[in-house]
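K.L.:
Supplied structure: model_13.txt, compact mmCIF, C-alpha atoms.
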# COMPACT_ATOMS: atom_id res chain seq x y z
CA MET C 1353 86.92 84.08 135.31
CA PRO C 1354 86.80 80.99 133.01
CA ALA C 1355 90.05 79.11 132.40
CA ALA C 1356 89.94 79.92 128.66
CA ALA C 1357 89.66 83.63 129.41
CA MET C 1358 92.50 83.48 131.92
CA ARG C 1359 94.80 81.84 129.36
CA ARG C 1360 94.60 84.99 127.21
CA PHE C 1361 96.52 86.85 129.90
CA LEU C 1362 99.21 84.21 130.41
CA PRO C 1363 102.55 84.44 128.57
CA ASP C 1364 103.00 82.18 125.56
CA GLY C 1365 105.71 79.57 125.16
CA PHE C 1366 108.05 81.90 123.30
CA THR C 1367 107.80 84.56 126.00
CA LEU C 1368 108.68 81.92 128.59
CA SER C 1369 111.65 80.95 126.41
CA LEU C 1370 112.78 84.59 126.39
CA VAL C 1371 112.56 84.73 130.18
CA ALA C 1372 114.49 81.44 130.47
CA THR C 1373 117.17 82.81 128.10
CA VAL C 1374 117.60 85.95 130.22
CA VAL C 1375 117.86 83.80 133.36
CA LEU C 1376 120.45 81.55 131.68
CA ALA C 1377 122.48 84.58 130.55
CA SER C 1378 122.32 85.93 134.11
CA ILE C 1379 123.60 82.67 135.62
CA LEU C 1380 125.91 81.45 132.83
CA PRO C 1381 126.86 84.40 130.60
CA CYS C 1382 128.97 83.56 127.57
CA ARG C 1383 132.36 85.25 127.48
CA GLY C 1384 135.69 85.15 125.67
CA SER C 1385 135.99 82.71 122.78
CA ALA C 1386 132.52 81.28 123.49
CA ALA C 1387 131.01 84.74 122.99
CA SER C 1388 132.81 85.05 119.64
CA VAL C 1389 131.40 81.71 118.50
CA PHE C 1390 127.88 82.75 119.54
CA GLU C 1391 128.28 86.00 117.57
CA VAL C 1392 129.10 84.09 114.38
CA VAL C 1393 126.28 81.57 114.88
CA THR C 1394 123.85 84.42 115.56
CA ASP C 1395 124.82 86.29 112.39
CA VAL C 1396 124.32 83.13 110.31
CA ALA C 1397 120.93 82.48 111.92
CA ILE C 1398 119.76 86.05 111.24
CA GLY C 1399 120.83 85.84 107.58
CA LEU C 1400 119.02 82.50 107.22
CA LEU C 1401 115.91 83.99 108.84
CA PHE C 1402 115.61 86.82 106.31
CA PHE C 1403 116.44 84.46 103.44
CA LEU C 1404 113.52 82.23 104.45
CA HIS C 1405 111.22 85.25 104.84
CA GLY C 1406 112.13 86.28 101.30
CA ALA C 1407 111.45 82.77 100.02
CA LYS C 1408 108.08 82.63 101.80
CA LEU C 1409 106.60 86.03 100.85
CA SER C 1410 104.45 85.59 97.74
CA ARG C 1411 104.96 88.30 95.11
CA GLU C 1412 101.45 87.60 93.81
CA ALA C 1413 99.93 88.42 97.21
CA VAL C 1414 101.88 91.67 97.34
CA VAL C 1415 100.77 92.76 93.88
CA ALA C 1416 97.15 91.80 94.58
CA GLY C 1417 96.97 93.88 97.73
CA MET C 1418 98.84 96.99 96.59
CA THR C 1419 95.71 98.58 95.14
CA HIS C 1420 94.50 99.49 98.64
CA TRP C 1421 97.10 102.24 98.85
CA ARG C 1422 95.25 104.49 101.34
CA LEU C 1423 95.16 101.72 103.92
CA HIS C 1424 98.83 100.86 103.40
CA LEU C 1425 99.93 104.48 103.67
CA THR C 1426 97.91 104.82 106.89
CA VAL C 1427 99.59 101.75 108.40
CA LEU C 1428 103.05 102.97 107.38
CA ALA C 1429 102.32 106.44 108.78
CA SER C 1430 101.28 104.92 112.10
CA THR C 1431 104.32 102.65 112.23
CA PHE C 1432 107.04 105.05 111.13
CA LEU C 1433 105.60 108.52 111.95
CA LEU C 1434 103.08 108.23 114.77
CA PHE C 1435 105.20 105.99 117.00
CA PRO C 1436 108.43 108.06 116.77
CA LEU C 1437 106.42 111.22 117.42
CA LEU C 1438 104.84 109.60 120.49
CA GLY C 1439 108.27 108.57 121.74
CA ILE C 1440 109.60 112.11 121.37
CA VAL C 1441 106.52 114.02 122.56
CA LEU C 1442 105.93 111.82 125.61
CA LYS C 1443 109.60 111.74 126.61
CA PRO C 1444 109.39 114.56 129.22
CA VAL C 1445 106.55 112.70 130.96
CA LEU C 1446 107.74 109.09 130.61
CA SER C 1447 111.55 109.27 130.67
CA PRO C 1448 111.71 109.92 134.46
CA LEU C 1449 110.23 106.45 134.95
CA VAL C 1450 113.23 104.70 133.36
CA SER C 1451 116.98 105.10 132.86
CA PRO C 1452 118.42 107.00 129.84
CA ASP C 1453 119.60 103.75 128.20
CA LEU C 1454 116.17 102.18 128.61
CA TYR C 1455 114.49 105.20 127.08
CA LEU C 1456 116.91 104.96 124.18
CA GLY C 1457 115.55 101.42 123.79
CA ILE C 1458 112.00 102.84 123.88
CA LEU C 1459 112.86 105.31 121.12
CA PHE C 1460 114.38 102.45 119.11
CA LEU C 1461 111.18 100.45 119.65
CA CYS C 1462 109.21 103.37 118.19
CA THR C 1463 111.18 103.19 114.92
CA LEU C 1464 110.65 99.47 114.30
CA PRO C 1465 108.41 97.95 111.60
CA SER C 1466 105.19 96.11 112.35
CA THR C 1467 104.99 92.41 113.06
CA VAL C 1468 103.87 90.08 110.28
CA GLN C 1469 102.49 86.87 111.75
CA SER C 1470 100.63 88.27 114.75
CA SER C 1471 99.25 91.28 112.84
CA ILE C 1472 97.69 88.96 110.28
CA ALA C 1473 96.50 86.49 112.93
CA PHE C 1474 94.75 89.15 115.02
CA THR C 1475 93.22 90.76 111.93
CA SER C 1476 91.80 87.36 110.99
CA ILE C 1477 90.41 86.73 114.50
CA ALA C 1478 88.76 90.17 114.51
CA ARG C 1479 87.25 89.57 111.02
CA GLY C 1480 89.21 92.33 109.35
CA ASN C 1481 90.65 92.68 105.83
CA VAL C 1482 93.17 89.81 105.89
CA PRO C 1483 94.61 90.23 102.33
CA ALA C 1484 95.29 93.89 103.08
CA ALA C 1485 96.87 92.92 106.41
CA ILE C 1486 99.22 90.50 104.64
CA VAL C 1487 100.42 93.25 102.30
CA ALA C 1488 100.55 96.01 104.94
CA ALA C 1489 102.50 93.96 107.48
CA SER C 1490 104.86 92.52 104.87
CA ALA C 1491 105.51 95.95 103.35
CA SER C 1492 106.20 97.40 106.79
CA SER C 1493 108.66 94.61 107.57
CA LEU C 1494 110.51 95.02 104.27
CA LEU C 1495 110.60 98.84 104.25
CA GLY C 1496 111.72 98.81 107.88
CA ILE C 1497 115.08 97.45 106.78
CA PHE C 1498 115.72 100.89 105.26
CA ILE C 1499 113.45 103.22 107.24
CA THR C 1500 114.32 102.04 110.75
CA PRO C 1501 118.08 102.78 110.49
CA LEU C 1502 117.32 106.24 109.11
CA LEU C 1503 114.80 106.96 111.88
CA VAL C 1504 117.25 105.69 114.49
CA GLY C 1505 119.82 108.14 113.14
CA VAL C 1506 117.38 111.05 113.46
CA VAL C 1507 116.12 110.03 116.91
CA ILE C 1508 119.56 109.32 118.39
CA ALA C 1509 120.94 112.56 116.99
CA GLY C 1510 118.08 114.31 118.77
CA THR C 1511 119.10 112.73 122.09
CA GLY C 1512 122.70 113.89 121.76
CA GLN C 1513 124.04 110.31 121.85
CA GLY C 1514 125.55 110.30 118.40
CA GLY C 1515 124.27 109.70 114.92
CA LEU C 1516 123.96 106.80 112.52
CA SER C 1517 127.03 105.73 110.57
CA LEU C 1518 127.01 104.62 106.95
CA HIS C 1519 128.70 101.46 108.18
CA ALA C 1520 125.62 100.61 110.26
CA VAL C 1521 123.31 101.16 107.27
CA GLY C 1522 125.54 98.99 105.10
CA ALA C 1523 125.63 96.29 107.75
CA ILE C 1524 121.81 96.26 107.92
CA VAL C 1525 121.58 95.96 104.14
CA MET C 1526 124.13 93.15 103.96
CA GLN C 1527 122.79 91.18 106.91
CA LEU C 1528 119.05 91.59 106.35
CA PHE C 1529 118.14 92.88 102.89
CA VAL C 1530 120.62 90.92 100.77
CA PRO C 1531 119.47 87.55 102.23
CA PHE C 1532 115.85 88.66 101.78
CA VAL C 1533 116.44 89.44 98.07
CA ALA C 1534 118.28 86.14 97.68
CA GLY C 1535 115.24 84.40 99.17
CA GLN C 1536 112.92 86.21 96.74
CA ILE C 1537 115.11 85.06 93.83
CA ALA C 1538 115.15 81.49 95.16
CA GLN C 1539 111.39 81.53 95.77
CA ARG C 1540 110.77 80.10 92.31
CA TRP C 1541 112.44 76.86 93.38
CA ILE C 1542 111.97 76.66 97.15
CA GLY C 1543 109.01 78.96 97.92
CA GLY C 1544 106.44 76.17 97.99
CA TRP C 1545 108.66 74.00 100.18
CA VAL C 1546 109.26 76.86 102.66
CA ARG C 1547 105.54 77.67 102.90
CA LYS C 1548 104.75 73.98 103.39
CA HIS C 1549 107.32 73.70 106.21
CA ALA C 1550 106.28 76.83 108.12
CA THR C 1551 107.57 75.33 111.37
CA LEU C 1552 111.11 75.63 110.00
CA LEU C 1553 110.69 79.39 109.61
CA THR C 1554 109.22 79.63 113.10
CA PHE C 1555 112.16 77.67 114.52
CA VAL C 1556 114.75 79.89 112.79
CA ASP C 1557 112.76 83.03 113.64
CA ARG C 1558 112.58 82.31 117.35
CA GLY C 1559 115.98 80.65 117.53
CA SER C 1560 117.76 83.68 116.07
CA ILE C 1561 116.01 85.99 118.54
CA LEU C 1562 116.95 83.78 121.49
CA LEU C 1563 120.57 83.70 120.32
CA VAL C 1564 120.75 87.50 120.10
CA VAL C 1565 119.03 87.89 123.47
CA TYR C 1566 121.43 85.44 125.10
CA THR C 1567 124.56 87.14 123.74
CA ALA C 1568 123.19 90.63 124.45
CA PHE C 1569 122.20 89.84 128.03
CA SER C 1570 125.42 87.93 128.64
CA ALA C 1571 127.40 91.05 127.78
CA ALA C 1572 125.01 93.20 129.82
CA VAL C 1573 125.28 90.94 132.88
CA LEU C 1574 129.07 91.05 132.70
CA GLN C 1575 128.75 94.86 132.66
CA GLY C 1576 126.54 94.85 135.77
CA LEU C 1577 123.06 94.97 134.20
CA TRP C 1578 121.09 93.94 137.28
CA HIS C 1579 122.80 96.53 139.42
CA GLN C 1580 121.59 99.19 136.94
CA LEU C 1581 118.00 97.89 136.75
CA PRO C 1582 116.17 97.99 140.11
CA LEU C 1583 112.57 96.83 140.31
CA PRO C 1584 111.06 100.37 140.30
CA VAL C 1585 112.80 101.08 136.98
CA LEU C 1586 111.55 97.79 135.52
CA ALA C 1587 108.01 98.65 136.66
CA GLY C 1588 108.41 102.08 135.07
CA LEU C 1589 109.38 100.42 131.80
CA VAL C 1590 106.16 98.38 131.84
CA VAL C 1591 104.16 101.59 132.37
CA VAL C 1592 105.95 103.37 129.50
CA ASN C 1593 105.26 100.45 127.14
CA ALA C 1594 101.62 100.29 128.19
CA VAL C 1595 101.15 104.02 127.61
CA LEU C 1596 102.71 103.84 124.14
CA LEU C 1597 100.58 100.87 123.10
CA THR C 1598 97.38 102.44 124.46
CA CYS C 1599 98.04 105.68 122.56
CA ALA C 1600 98.75 103.76 119.35
CA LEU C 1601 95.60 101.61 119.64
CA VAL C 1602 93.36 104.59 120.36
CA LEU C 1603 94.84 106.82 117.65
CA THR C 1604 94.79 104.13 114.93
CA ARG C 1605 91.20 103.17 115.78
CA TYR C 1606 89.72 106.66 115.76
CA GLY C 1607 92.07 107.86 113.02
CA ALA C 1608 90.79 105.09 110.72
CA ARG C 1609 87.22 106.12 111.46
CA ALA C 1610 87.98 109.80 110.83
CA LEU C 1611 89.48 108.88 107.46
CA GLY C 1612 86.30 107.03 106.50
CA PHE C 1613 87.64 103.47 106.33
CA ALA C 1614 85.24 100.52 106.42
CA LYS C 1615 85.12 98.41 109.57
CA GLU C 1616 87.24 95.61 108.02
CA ASP C 1617 89.92 98.12 107.05
CA GLU C 1618 89.79 99.81 110.46
CA ILE C 1619 90.57 96.46 112.06
CA THR C 1620 93.53 95.96 109.73
CA ILE C 1621 94.88 99.43 110.48
CA VAL C 1622 94.54 98.93 114.24
CA PHE C 1623 96.35 95.60 114.34
CA CYS C 1624 99.02 96.35 111.72
CA GLY C 1625 99.64 99.94 112.79
CA SER C 1626 99.97 99.41 116.55
CA LYS C 1627 102.50 96.58 116.62
CA LYS C 1628 106.28 96.44 116.75
CA SER C 1629 108.39 93.54 115.54
CA LEU C 1630 110.63 91.73 118.00
CA ALA C 1631 111.91 89.54 115.14
CA ALA C 1632 113.21 92.59 113.23
CA GLY C 1633 114.12 94.68 116.26
CA VAL C 1634 116.58 92.36 117.97
CA PRO C 1635 118.80 91.74 114.90
CA MET C 1636 118.74 95.45 113.98
CA ALA C 1637 119.67 96.49 117.52
CA LYS C 1638 122.67 94.18 117.36
CA VAL C 1639 124.02 96.10 114.36
CA LEU C 1640 122.83 99.64 115.09
CA PHE C 1641 123.80 99.82 118.76
CA ALA C 1642 127.29 98.37 118.76
CA GLY C 1643 129.04 99.96 121.71
CA HIS C 1644 125.80 100.57 123.64
CA PRO C 1645 124.49 98.33 126.45
CA LEU C 1646 122.51 96.07 124.11
CA GLY C 1647 120.64 94.26 126.88
CA LEU C 1648 119.02 97.52 127.97
CA ILE C 1649 118.27 98.48 124.35
CA VAL C 1650 116.33 95.26 123.54
CA LEU C 1651 114.57 94.91 126.90
CA PRO C 1652 111.80 97.44 126.01
CA ILE C 1653 110.84 95.60 122.80
CA MET C 1654 110.86 92.26 124.65
CA LEU C 1655 108.35 93.59 127.17
CA PHE C 1656 106.34 95.43 124.51
CA HIS C 1657 106.08 92.16 122.58
CA GLN C 1658 104.24 90.42 125.42
CA ILE C 1659 102.08 93.43 126.31
CA GLN C 1660 100.93 93.88 122.70
CA LEU C 1661 100.07 90.18 122.39
CA MET C 1662 97.92 90.20 125.53
CA ALA C 1663 96.18 93.49 124.73
CA CYS C 1664 95.53 92.66 121.08
CA ALA C 1665 94.23 89.17 121.92
CA VAL C 1666 91.52 90.76 124.07
CA LEU C 1667 90.79 93.50 121.52
CA ALA C 1668 90.58 91.06 118.59
CA ARG C 1669 88.02 88.89 120.38
CA ARG C 1670 86.04 91.99 121.30
CA TYR C 1671 85.96 93.11 117.67
CA ALA C 1672 84.92 89.61 116.57
CA LEU C 1673 82.14 89.36 119.17
CA ARG C 1674 80.66 92.76 118.31
CA ARG C 1675 80.74 92.00 114.58
CA ALA C 1676 79.16 88.59 115.12
CA ASN C 1677 76.40 90.14 117.23
CA ALA C 1678 75.82 92.85 114.62
CA PHE C 1679 75.56 90.19 111.89
CA VAL C 1680 73.09 88.06 113.87
CA SER C 1681 70.92 91.08 114.65
CA GLY C 1682 70.99 92.21 111.01
CA GLY C 1683 73.07 95.30 111.78
CA SER C 1684 75.28 97.03 109.29
CA GLY C 1685 78.59 96.83 111.07
CA GLU C 1686 78.06 98.24 114.54
CA ARG C 1687 81.18 99.85 115.91
CA PRO C 1688 82.66 98.08 118.95
Could you show the structure in this file as structure tokens?
P.N.:
Amino acid sequence: MPAAAMRRFLPDGFTLSLVATVVLASILPCRGSAASVFEVVTDVAIGLLFFLHGAKLSREAVVAGMTHWRLHLTVLASTFLLFPLLGIVLKPVLSPLVSPDLYLGILFLCTLPSTVQSSIAFTSIARGNVPAAIVAASASSLLGIFITPLLVGVVIAGTGQGGLSLHAVGAIVMQLFVPFVAGQIAQRWIGGWVRKHATLLTFVDRGSILLVVYTAFSAAVLQGLWHQLPLPVLAGLVVVNAVLLTCALVLTRYGARALGFAKEDEITIVFCGSKKSLAAGVPMAKVLFAGHPLGLIVLPIMLFHQIQLMACAVLARRYALRRANAFVSGGSGERP
């Protein structure tokens, strides 16, 4: 296998940073007053992250892409209906592979919004409808602030582990949505600067996730995480994630075809409707699962993040190659 092809299957730098953070938390977990300081710093970083996202998201791009409402509804249905249904329907088959707390994390994963950056990037690589992907992924991320807590309440109530409190909903709104709105208001003055300095957003994005992961795994390690997570259970979690992603990719692909979407729109639906956001999931878990073993709750989305990147990288190149071949041969959009 060529070196370039092998690199597609290797973890990226951020994934390696996540692994290093888990190792650090396992060796040097924060506790006591240090843990309290990390909690405050993490909350500030999360608020700054959503403020910058609000400042970056162009209202003009949103308005321009909203006319493709069938595509956007299909993506939202996949993200917020198909995934939770898969998590519930497949539970009798998949839950024996993992612990109850890990499957709670899987169900939480199923309620999360789509990613933004990687959904758009893979849609572009695969030669899909990029403007529609920008709107669909951004809308999913924004609506997830409200929809995810409600879905979590329904799903958790169905597992018998309690419901969702109004306090948790209010905390999500204050910590995520209010900074986002503030960023949208400030966009008039700082939007261009934020878009020009995209590395700043990436730094805050990844830094806030690493902070939450460190504090969450520190608490989990102090509670005996690694005694509760033997290798067979970890392997089972990988299998559960792979099954969920495979089902989502297959159903979005053939569902888009059944609904009569063009090839470019099918690509957008596949890559926007099959992803789950680590950037949104980790901060939300911190608020929604207070009192639960947070390390076990966020571990499924951390693994899903890497699996979806590797699988979608291969799929995007396959789409692009088939479309390029169809164009060269004068075809009319041969299906890959």
K.L.:
List as a list in words the protein and nucleic acid residues near C:Val1556, meaning an atom at most 8 Å away when only C-alpha atoms are counted, but skip any in the same chain fewer than 4 places from it.
P.N.:
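My list of contacting residues is Ala1397, Leu1400, Leu1401, Leu1552 and Ser1560 of chain C.
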K.L.:
Could you list as a count of residues only every residue that has an atom within 9 Å of (121.6, 98.0, 127.0), using the file's coordinates and counting all atoms listed in the file?
P.N.:
17
K.L.:
One decimal, in Å: what's the spacing between atom CA of C:Phe1555 and atom CA of C:Leu1464?
P.N.:
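Computing it gives 21.9 Å between the two atoms.
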K.L.:
Do a neighbour search on stretch 1587-1597 of chain C at 12 Å with only C-alpha atoms, toss out local chain neighbours closer than 6 positions, and write the hits as JSON, numbers by chain.
P.N.:
{"C": [1430, 1431, 1434, 1435, 1436, 1437, 1438, 1439, 1440, 1441, 1442, 1443, 1444, 1445, 1446, 1447, 1448, 1449, 1450, 1451, 1452, 1453, 1454, 1455, 1456, 1457, 1458, 1459, 1461, 1462, 1581, 1603, 1604, 1622, 1623, 1625, 1626, 1627, 1628, 1648, 1649, 1650, 1651, 1652, 1653, 1654, 1655, 1656, 1657, 1658, 1659, 1660, 1661, 1662, 1663, 1664]}
K.L.:
Scan for residues within 10 Å of the point (85.3, 101.7, 109.2) in the coordinates of the file, using all atoms listed in the file, and reply as a CSV table (one decimal) with C-alpha atoms, in the frame of the given file.
P.N.:
chain,number,residue,atom,x,y,z
C,1605,ARG,CA,91.2,103.2,115.8
C,1606,TYR,CA,89.7,106.7,115.8
C,1607,GLY,CA,92.1,107.9,113.0
C,1608,ALA,CA,90.8,105.1,110.7
C,1609,ARG,CA,87.2,106.1,111.5
C,1610,ALA,CA,88.0,109.8,110.8
C,1611,LEU,CA,89.5,108.9,107.5
C,1612,GLY,CA,86.3,107.0,106.5
C,1613,PHE,CA,87.6,103.5,106.3
C,1614,ALA,CA,85.2,100.5,106.4
C,1615,LYS,CA,85.1,98.4,109.6
C,1616,GLU,CA,87.2,95.6,108.0
C,1617,ASP,CA,89.9,98.1,107.0
C,1618,GLU,CA,89.8,99.8,110.5
C,1619,ILE,CA,90.6,96.5,112.1
C,1621,ILE,CA,94.9,99.4,110.5
C,1685,GLY,CA,78.6,96.8,111.1
C,1686,GLU,CA,78.1,98.2,114.5
C,1687,ARG,CA,81.2,99.8,115.9
